[in-house]
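Peer 1: Below is one structure. I have some questions about it.
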Amino acid sequence: MTFPLFSRVILCVDLPEEQLMAGDIGTIVEHHPATAAYPEGYEDEFFAGNGETLAVVSIPATALRQATREGVLHVRPLVAA
C-alpha cells in the first residue's frame with residue numbers, strides 16, 4: 001500500500017534502537033519507491049506527547065499500517081534504551 005505524504009501511520013514492529021514500539025503513530029514525510037535492490041519504504045517522523053520530534057526513521061512499507069477511525073490514541077512513557 002502506498003501512503004500519502006503527511007498521513008498518519010501506525011508502526012507494526014518494535015524499533016528499540018529508536019525507542020519506538022509497535023502501535024506508535026508516525027507521520028509520513030517522504031516516500032521511497034521500490035527498486036530492484038530495495039523494497040518500497042518511507043521516512044516517518046514520530047513525536048512525543050508535547051509535539052517534540054523523537055525520531056525520523058526509514059521504514060519499509062510492510063512495517064506500517066494506515067491509521068483509521070477505529071484506532072484510539074493513547075500515551076506511553078518513553079523508556080530510555
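Identifiers for the C-alpha cells are assigned positionally: chains receive A, B, ... in sequence, residues are indexed from 1 per chain, and ligands are indexed from 1 in the order shown.
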Contacts of stretch 42-52 of chain A at 6 Å or less, counting only C-alpha atoms, minus same-chain residues fewer than 3 places along, as a ChimeraX atom specification?
Peer 2: /A:26-32,55-59
Peer 1: Since we have the selection now, will you write its residues out, keeping N, CA and C atoms, as a CSV table (one decimal), in the first residue's frame?
Peer 2:
chain,number,residue,atom,x,y,z
A,26,GLY,N,3.1,7.5,13.6
A,26,GLY,CA,4.1,8.4,12.9
A,26,GLY,C,3.4,9.2,11.8
A,27,THR,N,4.1,10.1,11.2
A,27,THR,CA,3.7,10.9,10.1
A,27,THR,C,4.6,10.6,8.9
A,28,ILE,N,4.1,10.3,7.7
A,28,ILE,CA,4.9,10.1,6.5
A,28,ILE,C,5.5,11.4,6.1
A,29,VAL,N,6.8,11.5,5.9
A,29,VAL,CA,7.4,12.7,5.5
A,29,VAL,C,8.1,12.5,4.1
A,30,GLU,N,8.3,11.3,3.7
A,30,GLU,CA,9.0,11.0,2.4
A,30,GLU,C,8.6,9.6,2.0
A,31,HIS,N,8.5,9.4,0.7
A,31,HIS,CA,8.2,8.1,0.1
A,31,HIS,C,9.4,7.7,-0.7
A,32,HIS,N,9.8,6.4,-0.5
A,32,HIS,CA,10.9,5.8,-1.3
A,32,HIS,C,10.3,4.7,-2.2
A,55,ALA,N,12.0,10.9,16.6
A,55,ALA,CA,12.8,10.2,15.7
A,55,ALA,C,12.3,10.4,14.3
A,56,VAL,N,13.2,10.4,13.3
A,56,VAL,CA,12.8,10.3,11.9
A,56,VAL,C,13.5,9.1,11.4
A,57,VAL,N,12.7,8.1,10.9
A,57,VAL,CA,13.2,6.8,10.7
A,57,VAL,C,12.8,6.3,9.3
A,58,SER,N,13.8,5.6,8.6
A,58,SER,CA,13.4,4.9,7.3
A,58,SER,C,12.8,3.6,7.6
A,59,ILE,N,11.6,3.3,7.1
A,59,ILE,CA,10.9,2.1,7.4
A,59,ILE,C,10.3,1.5,6.2
Peer 1: What lies within 8 Å of stretch 8-22 of chain A using only C-alpha atoms, ignoring chain neighbours under 5 positions off, as a ChimeraX atom specification?
Peer 2: /A:27-28,55,63-67,78-81
Peer 1: Where in chain A does DSSP assign strand (DSSP E), given as a PyMOL selection string?
Peer 2: chain A and resi 8-11+25-32+41-47+53-60+64-66
